[in-house]
Every structure is written in C-alpha cells, then in structure tokens.
file work.txt (compact mmCIF, C-alpha atoms and all ligand atoms)
# COMPACT_ATOMS: atom_id res chain seq x y z
CA MET B 18 116.78 77.55 105.87
CA PRO B 19 114.38 75.25 107.72
CA HIS B 20 110.65 75.51 107.32
CA ASP B 21 108.39 74.39 110.08
CA ALA B 22 106.46 71.56 108.48
CA ALA B 23 105.74 70.16 111.93
CA SER B 24 103.01 72.76 112.47
CA SER B 25 100.97 71.20 109.64
CA PRO B 26 100.68 67.43 109.65
CA SER B 27 99.05 67.37 106.24
CA PRO B 28 100.46 69.24 103.26
CA ILE B 29 98.82 72.36 101.84
CA LEU B 30 99.01 70.87 98.35
CA SER B 31 99.10 67.19 97.38
CA VAL B 32 99.40 66.31 93.72
CA SER B 33 99.15 62.63 92.95
CA GLN B 34 99.79 60.80 89.69
CA LEU B 35 98.81 63.82 87.63
CA HIS B 36 98.57 63.31 83.88
CA LYS B 37 97.61 65.67 81.07
CA ARG B 38 97.44 64.58 77.48
CA TYR B 39 96.76 66.82 74.47
CA ARG B 40 95.99 64.46 71.57
CA GLU B 41 99.36 62.83 70.91
CA THR B 42 101.34 65.04 73.35
CA VAL B 43 101.73 63.92 76.96
CA ALA B 44 102.36 67.26 78.66
CA VAL B 45 102.32 65.95 82.27
CA ASP B 46 103.16 62.32 82.81
CA GLY B 47 102.48 61.00 86.30
CA VAL B 48 103.61 63.86 88.54
CA THR B 49 103.38 63.40 92.32
CA PHE B 50 104.52 65.98 94.87
CA SER B 51 103.38 68.01 97.87
CA VAL B 52 103.93 71.45 99.40
CA ASP B 53 103.96 71.92 103.18
CA THR B 54 102.94 74.92 105.24
CA HIS B 55 105.69 77.56 105.26
CA GLU B 56 107.45 75.79 102.42
CA VAL B 57 108.53 77.47 99.18
CA LEU B 58 108.79 74.77 96.50
CA GLY B 59 110.48 75.61 93.20
CA LEU B 60 109.11 74.10 90.00
CA LEU B 61 111.91 74.06 87.43
CA GLY B 62 112.34 72.74 83.94
CA PRO B 63 113.12 73.80 80.39
CA ASN B 64 110.48 75.20 78.06
CA GLY B 65 107.91 72.53 77.24
CA ALA B 66 108.63 70.53 80.43
CA GLY B 67 105.04 70.80 81.66
CA LYS B 68 105.27 73.51 84.32
CA THR B 69 102.49 75.74 83.01
CA THR B 70 100.21 72.78 82.39
CA THR B 71 100.80 71.60 85.97
CA ILE B 72 100.11 75.06 87.40
CA ASN B 73 96.99 75.49 85.29
CA MET B 74 95.61 72.18 86.55
CA ILE B 75 96.25 73.25 90.16
CA LEU B 76 94.50 76.56 89.43
CA GLY B 77 91.51 74.66 88.07
CA VAL B 78 91.92 76.22 84.62
CA LEU B 79 92.73 72.89 82.95
CA GLU B 80 91.12 69.54 83.64
CA PRO B 81 93.64 66.73 84.33
CA THR B 82 93.41 63.64 82.14
CA SER B 83 93.86 61.69 85.39
CA GLY B 84 95.26 62.12 88.88
CA THR B 85 94.23 64.08 91.96
CA ILE B 86 94.95 67.52 93.35
CA VAL B 87 94.13 68.20 97.00
CA ILE B 88 94.41 71.77 98.31
CA ASP B 89 94.24 72.25 102.07
CA GLY B 90 92.31 69.00 102.44
CA CYS B 91 89.85 69.73 99.60
CA ASP B 92 89.94 67.54 96.50
CA LEU B 93 89.87 69.93 93.53
CA GLY B 94 87.88 67.44 91.44
CA GLN B 95 85.16 67.05 94.09
CA ARG B 96 85.15 70.31 96.08
CA ARG B 97 86.28 72.73 93.44
CA ARG B 98 84.93 75.95 94.95
CA GLN B 99 86.37 75.28 98.41
CA ALA B 100 89.72 74.18 97.01
CA LEU B 101 90.07 77.25 94.78
CA SER B 102 88.94 79.65 97.52
CA ARG B 103 92.16 78.66 99.34
CA THR B 104 94.38 79.36 96.32
CA ASN B 105 95.73 82.41 94.54
CA PHE B 106 98.42 83.29 92.08
CA ALA B 107 100.50 86.03 90.51
CA ALA B 108 102.26 85.92 87.16
CA VAL B 109 103.85 88.52 84.92
CA TYR B 110 101.80 87.32 81.96
CA ALA B 111 98.59 88.10 83.86
CA PRO B 112 98.93 91.82 84.70
CA LEU B 113 96.10 93.66 86.41
CA PRO B 114 94.00 96.04 84.30
CA GLY B 115 96.17 99.12 83.79
CA ASN B 116 93.33 101.61 83.51
CA LEU B 117 92.04 100.84 87.02
CA THR B 118 93.67 102.30 90.11
CA VAL B 119 95.38 100.09 92.67
CA ALA B 120 92.40 100.39 95.03
CA GLN B 121 89.88 99.70 92.25
CA ASN B 122 91.79 96.59 91.15
CA LEU B 123 91.94 95.26 94.70
CA ARG B 124 88.22 95.93 95.15
CA VAL B 125 87.25 94.15 91.92
CA PHE B 126 89.37 91.09 92.69
CA GLY B 127 88.31 91.08 96.34
CA MET B 128 84.67 91.00 95.22
CA LEU B 129 85.44 88.18 92.78
CA TYR B 130 87.00 86.21 95.65
CA SER B 131 84.12 87.14 98.04
CA VAL B 132 86.62 88.47 100.60
CA PRO B 133 84.82 89.31 103.87
CA ALA B 134 85.35 92.82 105.35
CA LEU B 135 86.96 93.76 102.05
CA GLY B 136 87.72 97.40 102.92
CA GLU B 137 89.82 96.36 105.92
CA ARG B 138 91.53 93.62 103.98
CA ILE B 139 92.47 96.07 101.21
CA GLU B 140 94.01 98.43 103.78
CA ALA B 141 95.96 95.52 105.25
CA VAL B 142 97.49 94.42 101.92
CA LEU B 143 98.18 98.03 100.87
CA THR B 144 100.13 98.44 104.11
CA GLU B 145 101.85 95.04 103.86
CA PHE B 146 103.15 95.76 100.36
CA ASP B 147 103.95 99.43 100.97
CA LEU B 148 101.33 100.60 98.49
CA LEU B 149 99.33 103.11 100.53
CA ARG B 150 100.64 106.08 98.55
CA PHE B 151 99.70 104.44 95.25
CA ARG B 152 96.09 103.62 96.12
CA ASN B 153 94.71 106.13 93.62
CA SER B 154 97.35 105.57 90.92
CA LYS B 155 96.41 103.75 87.76
CA CYS B 156 98.17 100.39 87.70
CA GLY B 157 99.35 100.89 84.12
CA LEU B 158 101.36 103.95 85.20
CA LEU B 159 103.30 102.20 87.98
CA SER B 160 106.85 100.87 87.62
CA SER B 161 107.25 97.13 87.06
CA GLY B 162 108.37 96.65 90.68
CA GLU B 163 105.31 98.52 91.95
CA GLN B 164 103.06 96.51 89.63
CA THR B 165 104.55 93.29 90.99
CA ARG B 166 103.79 94.45 94.53
CA VAL B 167 100.18 95.17 93.50
CA ALA B 168 99.94 91.71 91.88
CA LEU B 169 101.20 90.14 95.13
CA ALA B 170 98.79 92.24 97.20
CA LYS B 171 95.96 91.03 94.96
CA ALA B 172 97.18 87.44 95.37
CA MET B 173 97.09 87.78 99.18
CA LEU B 174 93.60 89.34 99.33
CA ASN B 175 91.81 86.08 100.09
CA GLN B 176 94.53 84.97 102.54
CA PRO B 177 95.31 81.90 100.43
CA ARG B 178 96.76 78.73 101.91
CA LEU B 179 98.40 77.98 98.57
CA LEU B 180 100.14 80.66 96.55
CA LEU B 181 101.33 80.00 93.00
CA LEU B 182 103.92 82.39 91.69
CA ASP B 183 104.96 82.11 88.07
CA GLU B 184 108.21 84.02 87.47
CA PRO B 185 107.24 86.67 90.03
CA THR B 186 110.47 88.62 89.68
CA ALA B 187 110.89 88.44 85.88
CA SER B 188 111.33 91.92 84.40
CA LEU B 189 112.38 93.45 87.74
CA ASP B 190 115.72 95.09 88.39
CA PRO B 191 117.96 93.17 90.83
CA ALA B 192 117.33 95.40 93.83
CA VAL B 193 113.55 95.26 93.45
CA ALA B 194 113.68 91.51 92.75
CA ARG B 195 115.56 91.05 96.01
CA GLU B 196 112.91 93.04 97.91
CA ILE B 197 110.14 90.94 96.39
CA ARG B 198 111.96 87.69 97.24
CA SER B 199 112.39 88.65 100.84
CA ALA B 200 108.75 89.82 101.06
CA ILE B 201 107.59 86.40 99.84
CA ARG B 202 109.98 84.50 102.10
CA GLU B 203 108.78 86.48 105.11
CA PHE B 204 105.17 85.94 104.10
CA ALA B 205 105.73 82.17 103.85
CA ALA B 206 107.50 82.09 107.22
CA ARG B 207 104.80 83.92 109.14
CA SER B 208 101.60 82.77 107.39
CA GLN B 209 99.91 79.38 107.18
CA VAL B 210 100.75 79.19 103.51
CA GLY B 211 102.68 77.03 101.05
CA VAL B 212 104.21 78.57 97.93
CA LEU B 213 104.82 76.99 94.54
CA TRP B 214 107.33 79.11 92.64
CA THR B 215 108.51 78.88 89.05
CA SER B 216 111.58 80.72 87.86
CA HIS B 217 114.36 80.45 85.33
CA ASN B 218 116.74 82.29 87.64
CA MET B 219 118.71 79.59 89.43
CA ILE B 220 120.45 81.96 91.83
CA GLU B 221 117.06 83.21 92.92
CA VAL B 222 115.74 79.66 93.27
CA SER B 223 118.69 78.66 95.46
CA GLU B 224 118.06 81.66 97.64
CA VAL B 225 114.30 81.39 98.01
CA CYS B 226 113.19 77.78 97.65
CA HIS B 227 113.41 75.21 100.43
CA ARG B 228 113.07 72.44 97.86
CA VAL B 229 112.96 72.16 94.07
CA LEU B 230 111.52 69.77 91.51
CA PHE B 231 113.07 69.43 88.07
CA LEU B 232 110.51 68.58 85.42
CA SER B 233 111.46 67.27 82.01
CA HIS B 234 109.09 65.87 79.41
CA GLY B 235 106.28 65.96 81.95
CA ARG B 236 108.09 63.92 84.61
CA ILE B 237 109.91 64.79 87.81
CA LEU B 238 113.56 63.93 87.21
CA LEU B 239 115.12 65.33 90.36
CA GLU B 240 113.92 66.63 93.68
CA GLY B 241 115.77 68.10 96.63
CA ASP B 242 117.40 71.01 98.39
CA PRO B 243 118.60 73.45 95.69
CA ARG B 244 121.79 74.05 97.66
CA ALA B 245 122.65 70.34 97.98
CA LEU B 246 121.40 68.97 94.63
CA PRO B 247 124.27 70.22 92.43
CA GLY B 248 126.92 68.52 94.61
CA GLU B 249 124.90 65.30 94.78
CA HIS B 250 124.98 65.15 90.98
CA ASN B 251 128.59 66.27 90.51
CA HIS B 252 127.77 69.77 89.30
CA GLU B 253 129.14 73.06 90.52
CA THR B 254 125.93 75.04 90.47
CA LEU B 255 122.19 74.60 90.15
CA GLU B 256 122.41 76.26 86.75
CA ASP B 257 124.95 73.65 85.49
CA LEU B 258 122.67 70.90 86.76
CA PHE B 259 119.66 72.55 85.14
CA VAL B 260 121.44 72.73 81.78
CA THR B 261 122.35 69.03 82.00
CA VAL B 262 118.80 68.05 82.93
CA ALA B 263 117.43 70.14 80.08
CA ARG B 264 119.84 68.69 77.51
CA GLU B 265 120.34 65.15 78.70
CA PRO B 266 117.40 64.07 80.86
CA LEU B 267 118.06 60.41 80.11
CA THR B 268 121.58 60.63 81.55
CA ILE B 269 120.20 61.94 84.82
CA ARG B 270 117.47 59.31 84.89
CA ALA B 271 120.02 56.52 84.21
CA THR B 272 122.23 57.83 87.03
CA GLU B 273 119.27 57.93 89.39
CA GLU B 274 118.14 54.43 88.46
CA GLY B 275 121.67 52.98 88.45
P1 LIG S 301 106.37 74.71 80.23
O1 LIG S 301 105.44 75.58 80.98
O2 LIG S 301 107.26 73.89 81.10
O3 LIG S 301 107.15 75.46 79.18
P2 LIG S 301 103.96 73.56 79.05
O4 LIG S 301 103.20 73.04 80.20
O5 LIG S 301 103.53 74.88 78.49
O6 LIG S 301 105.51 73.60 79.42
O7 LIG S 301 103.93 72.51 77.84
C1 LIG S 301 104.17 71.11 78.01
C2 LIG S 301 103.96 70.40 76.68
O8 LIG S 301 102.57 70.42 76.33
C3 LIG S 301 104.71 71.01 75.51
O9 LIG S 301 105.11 69.96 74.65
C4 LIG S 301 103.63 71.87 74.85
O10 LIG S 301 103.90 72.01 73.46
C5 LIG S 301 102.39 71.04 75.08
N1 LIG S 301 101.15 71.84 75.16
C6 LIG S 301 100.91 72.83 76.07
N2 LIG S 301 99.68 73.35 75.88
C7 LIG S 301 99.14 72.68 74.81
C8 LIG S 301 97.88 72.75 74.11
N3 LIG S 301 96.92 73.62 74.47
N4 LIG S 301 97.70 71.91 73.09
C9 LIG S 301 98.64 71.01 72.70
N5 LIG S 301 99.85 70.90 73.33
C10 LIG S 301 100.10 71.72 74.36
call {"tool": "encode", "arguments": {"input": "work.txt", "output": "structure tokens", "more": "lines below"}}
Ligand code: ADP
result
Amino acid sequence: MPHDAASSPSPILSVSQLHKRYRETVAVDGVTFSVDTHEVLGLLGPNGAGKTTTINMILGVLEPTSGTIVIDGCDLGQRRRQALSRTNFAAVYAPLPGNLTVAQNLRVFGMLYSVPALGERIEAVLTEFDLLRFRNSKCGLLSSGEQTRVALAKAMLNQPRLLLLDEPTASLDPAVAREIRSAIREFAARSQVGVLWTSHNMIEVSEVCHRVLFLSHGRILLEGDPRALPGEHNHETLEDLFVTVAREPLTIRATEEG
C-alpha cells in the first residue's frame, strides 16, 4: 500500500523532541516523528501512553513543555493561526451538537474556520460523505455511522492538510466502520493531506495505516509498517505485539538497543 511521499518533499507534520510534563508526571517524553502527504500514520499505545496529550499539543489545545510542532511549514509556536487553519480533527468524544441539523452544524463550524464560499463547500462535503438527504436532520437523531460521516464532513470543511482522527470508527458496526475506513483511505490518496489516526483496533490499523508508532510511557518504542512489524519482533499479529509492548516495554526497548 504505497503512498506517494515523493509529491511532497517536506512533511505535512513534523514533531520534534516534544515533551509535556504535568507536575511530577512526564506524559510525553521526547517524541519525534513526521507525517507525509497521502500518508496515514497510526498512533498506538496503551492507556496512559501519551497519545491524547500528543494530539492535543498538535491541535494547539495544550502547550508543550518543550519541542516543536510544524504543520505544513508553519511552526505552531510562532504561527499558530496559520498552522491551525491547516488542521482539523474528528473524535467520538467530541460529537457535534445534536440539536442542530447537519447543515446548521456545517455552517457554524465553517464560519468558525472562516471557510471561503461556505455554501458551495458545504454542498461539496454533503455530497462527498453521502449526506445530502440528511441536511435538515438533527444530528442527535442520526445513527452513529451517519454521525461519524457528519463529523468527517465537518473535519474536511476547511480542506485541512493535516487530519487528526481519534478512534474514528469506535462505536460503529463492522460494515459501517469498513465504509468509513475506505472513505478516509480514498481521501488521503486523492488529497494533499496527511492523516494521524489513533485506534485500539489492530486489524483496522493494519488495514488503514501505512506506518504506525507505538507509544509507551510517553516515548516511541517501535515504528514501522504495521504488516511487517509483528514478524520483525517475532510476533504473529500486531495485536500480540501491542500486548507485549503494553505489558513489557522494557523488553522491547532492550531488544531494540541490543
Ligand atoms: P493516552 O491518551 O495514551 O491514554 P494521555 O495522554 O491521556 O494518554 O496521558 C498520558 C499521561 O499523562 C498519563 O499518565 C496521564 O495520567 C497523564 N495526564 C494526562 N492529562 C493529565 C493532566 N491534565 N494532569 C496530570 N496528568 C495528566
């Protein structure tokens, strides 16, 4: 599943030596990685590994203790508005207001993002995510699959270069989850976008992500092709490898260093 990184000499996202400390807890401990155009990068790790903290720093919600984040050539610390105007995200824990219709939600968020020619852009995302017939439906009354499509449509409104997806298919039935995965893969293939994806579903990650990072205790322990990584570390599946990394991170680190 190649992605055409050659079309973009510089990555869409560059994270360098990122640290976040909360009093005595080091949540993110020197993380460095990048995401290329057309690439879907999976961010994996057990609960408490530092995934949400990393994503929130990239979204500009949390201030890093140190380190840099560059989005599409804009340093988030120095050119915050430009960097964030190129970013968007969707997450199950951030549903859209249920008492607004699909069209109203898209209009409100489009205005927040200062999307030019907003009416046309709304029609385009409604068409892209097969939502035209739901335009006047209240979001709270839609099925979870339909709500996920609206959340993705909202995330695409400003034509982001960097898309962060936190568990985008959680709570969906398998058939709908598959549809959503292929919609995102197609979007990444045809748009000048890089995607950072978190999921606990290893089968999904193997299917969707070109590359994965395993975080544990705020550090990147492993990085690579999700289809090749298990074999390289003598595990049958990505899930087996994940369980080992979650339980015995020091074993993996010793193997890597040895
Ligand atoms: P993940 O998303 O991988 O589950 P988090 O980024 O939420 O991990 O958390 C990483 C670490 O930082 C955990 O030890 C967590 O308890 C801690 N942490 C997260 N947010 C805060 C906070 N606001 N204050 C103190 N500690 C926090």
call {"tool": "atom_distance", "arguments": {"input": "work.txt", "atom1": "CA of Arg124 in chain B", "atom2": "CA of Arg198 in chain B"}}
result
25.2 Å
call {"tool": "closest_atom_pairs", "arguments": {"input": "work.txt", "of": "chain B", "to": "ligand LIG 301 (chain S)", "cutoff": "10 Å", "atoms": "all atoms listed in the file", "output": "tab-separated table"}}
result
residue	atom	partner	partner_atom	distance
B:Lys37	CA	S:LIG301	O8	8.3
B:Arg38	CA	S:LIG301	O8	7.9
B:Tyr39	CA	S:LIG301	C9	4.9
B:Arg40	CA	S:LIG301	C9	7.2
B:Glu41	CA	S:LIG301	C9	8.4
B:Thr42	CA	S:LIG301	N5	6.0
B:Val43	CA	S:LIG301	O8	6.6
B:Ala44	CA	S:LIG301	O8	3.9
B:Val45	CA	S:LIG301	C1	6.9
B:Leu60	CA	S:LIG301	O2	9.1
B:Leu61	CA	S:LIG301	O2	7.9
B:Gly62	CA	S:LIG301	O2	5.9
B:Pro63	CA	S:LIG301	O2	5.9
B:Asn64	CA	S:LIG301	O3	3.5
B:Gly65	CA	S:LIG301	O6	3.4
B:Ala66	CA	S:LIG301	O2	3.7
B:Gly67	CA	S:LIG301	O4	3.2
B:Lys68	CA	S:LIG301	O2	3.8
B:Thr69	CA	S:LIG301	O1	3.6
B:Thr70	CA	S:LIG301	O4	3.7
B:Thr71	CA	S:LIG301	O4	6.4
B:Ile72	CA	S:LIG301	O4	8.1
B:Asn73	CA	S:LIG301	O4	8.4
B:Met74	CA	S:LIG301	O4	9.9
B:Leu79	CA	S:LIG301	N3	9.5
B:Asp183	CA	S:LIG301	O1	9.7
B:Thr215	CA	S:LIG301	O1	9.2
B:Leu232	CA	S:LIG301	O2	7.6
B:Ser233	CA	S:LIG301	O2	7.9
B:His234	CA	S:LIG301	C1	7.3
B:Gly235	CA	S:LIG301	C1	6.8
call {"tool": "atom_distance", "arguments": {"input": "work.txt", "atom1": "CA of Ala170 in chain B", "atom2": "CA of Ile29 in chain B"}}
result
20.4 Å
call {"tool": "closest_residue", "arguments": {"input": "work.txt", "among": "B:Gln209, B:Gln34, B:Asn122, B:Thr144", "to": "Thr54 in chain B", "atoms": "all atoms listed in the file"}}
result
B:Gln209
call {"tool": "atom_distance", "arguments": {"input": "work.txt", "atom1": "CA of Val78 in chain B", "atom2": "CA of Ala141 in chain B"}}
result
28.5 Å
call {"tool": "residues_around", "arguments": {"input": "work.txt", "residues": "Thr165 in chain B", "least_positions_apart": "3", "cutoff": "8 Å", "atoms": "all atoms listed in the file", "output": "ChimeraX atom specification"}}
result
/B:109,161-162,168-169,185-186
call {"tool": "residues_around", "arguments": {"input": "work.txt", "residues": "Leu76 in chain B", "least_positions_apart": "4", "cutoff": "8 Å", "atoms": "all atoms listed in the file", "output": "list in words"}}
result
Ile72, Leu101, Thr104 and Asn105 of chain B
call {"tool": "residues_near_point", "arguments": {"input": "work.txt", "point": "(95.7, 73.6, 101.2)", "cutoff": "6 Å", "atoms": "all atoms listed in the file", "output": "number ranges by chain"}}
result
B: 29-30, 88-90, 178-179
call {"tool": "residues_around", "arguments": {"input": "work.txt", "residues": "Gly157 in chain B", "least_positions_apart": "5", "cutoff": "10 Å", "atoms": "all atoms listed in the file", "output": "count of residues only"}}
result
9
call {"tool": "closest_residue", "arguments": {"input": "work.txt", "among": "B:Ala120, B:Ala134, B:Leu129, B:Val222", "to": "Leu149 in chain B", "atoms": "only C-alpha atoms"}}
result
B:Ala120
call {"tool": "decode", "arguments": {"input": "work.txt", "residues": "range 205-226 of chain B", "atoms": "N, CA and C atoms", "output": "mmCIF file, in the first residue's frame"}}
result
data_model
loop_
_atom_site.group_PDB
_atom_site.id
_atom_site.type_symbol
_atom_site.label_atom_id
_atom_site.label_comp_id
_atom_site.auth_asym_id
_atom_site.auth_seq_id
_atom_site.Cartn_x
_atom_site.Cartn_y
_atom_site.Cartn_z
ATOM 1 N N ALA B 205 -7.265 10.303 1.665
ATOM 2 C CA ALA B 205 -5.812 10.506 1.823
ATOM 3 C C ALA B 205 -5.092 10.305 0.491
ATOM 4 N N ALA B 206 -5.578 9.355 -0.305
ATOM 5 C CA ALA B 206 -4.894 9.068 -1.572
ATOM 6 C C ALA B 206 -5.074 10.200 -2.578
ATOM 7 N N ARG B 207 -6.255 10.835 -2.567
ATOM 8 C CA ARG B 207 -6.502 11.814 -3.636
ATOM 9 C C ARG B 207 -6.285 13.259 -3.194
ATOM 10 N N SER B 208 -6.132 13.517 -1.899
ATOM 11 C CA SER B 208 -5.999 14.904 -1.437
ATOM 12 C C SER B 208 -4.586 15.150 -0.935
ATOM 13 N N GLN B 209 -4.205 16.404 -0.896
ATOM 14 C CA GLN B 209 -2.879 16.770 -0.374
ATOM 15 C C GLN B 209 -2.978 16.838 1.143
ATOM 16 N N VAL B 210 -3.130 15.661 1.746
ATOM 17 C CA VAL B 210 -3.388 15.612 3.178
ATOM 18 C C VAL B 210 -2.569 14.499 3.815
ATOM 19 N N GLY B 211 -2.216 14.675 5.080
ATOM 20 C CA GLY B 211 -1.633 13.602 5.879
ATOM 21 C C GLY B 211 -2.583 13.336 7.033
ATOM 22 N N VAL B 212 -2.684 12.077 7.440
ATOM 23 C CA VAL B 212 -3.656 11.704 8.472
ATOM 24 C C VAL B 212 -2.929 11.055 9.652
ATOM 25 N N LEU B 213 -3.260 11.511 10.845
ATOM 26 C CA LEU B 213 -2.768 10.885 12.070
ATOM 27 C C LEU B 213 -3.969 10.213 12.723
ATOM 28 N N TRP B 214 -3.871 8.887 12.920
ATOM 29 C CA TRP B 214 -5.033 8.080 13.275
ATOM 30 C C TRP B 214 -4.755 7.328 14.563
ATOM 31 N N THR B 215 -5.614 7.442 15.558
ATOM 32 C CA THR B 215 -5.455 6.587 16.730
ATOM 33 C C THR B 215 -6.593 5.572 16.759
ATOM 34 N N SER B 216 -6.250 4.365 17.174
ATOM 35 C CA SER B 216 -7.251 3.315 17.254
ATOM 36 C C SER B 216 -6.747 2.234 18.178
ATOM 37 N N HIS B 217 -7.672 1.519 18.798
ATOM 38 C CA HIS B 217 -7.285 0.338 19.567
ATOM 39 C C HIS B 217 -7.564 -0.925 18.777
ATOM 40 N N ASN B 218 -8.061 -0.776 17.563
ATOM 41 C CA ASN B 218 -8.412 -1.930 16.741
ATOM 42 C C ASN B 218 -7.240 -2.238 15.803
ATOM 43 N N MET B 219 -6.481 -3.284 16.157
ATOM 44 C CA MET B 219 -5.242 -3.557 15.422
ATOM 45 C C MET B 219 -5.480 -4.068 14.000
ATOM 46 N N ILE B 220 -6.617 -4.730 13.806
ATOM 47 C CA ILE B 220 -6.912 -5.207 12.448
ATOM 48 C C ILE B 220 -7.158 -4.001 11.557
ATOM 49 N N GLU B 221 -7.907 -3.057 12.111
ATOM 50 C CA GLU B 221 -8.183 -1.820 11.376
ATOM 51 C C GLU B 221 -6.884 -1.064 11.071
ATOM 52 N N VAL B 222 -6.019 -0.985 12.073
ATOM 53 C CA VAL B 222 -4.759 -0.251 11.898
ATOM 54 C C VAL B 222 -3.922 -0.889 10.792
ATOM 55 N N SER B 223 -3.879 -2.240 10.787
ATOM 56 C CA SER B 223 -3.091 -2.925 9.755
ATOM 57 C C SER B 223 -3.655 -2.639 8.375
ATOM 58 N N GLU B 224 -4.974 -2.492 8.333
ATOM 59 C CA GLU B 224 -5.615 -2.285 7.035
ATOM 60 C C GLU B 224 -5.446 -0.846 6.532
ATOM 61 N N VAL B 225 -5.491 0.107 7.452
ATOM 62 C CA VAL B 225 -5.575 1.507 7.025
ATOM 63 C C VAL B 225 -4.229 2.229 7.021
ATOM 64 N N CYS B 226 -3.391 1.934 8.028
ATOM 65 C CA CYS B 226 -2.215 2.800 8.228
ATOM 66 C C CYS B 226 -1.032 2.343 7.375
#
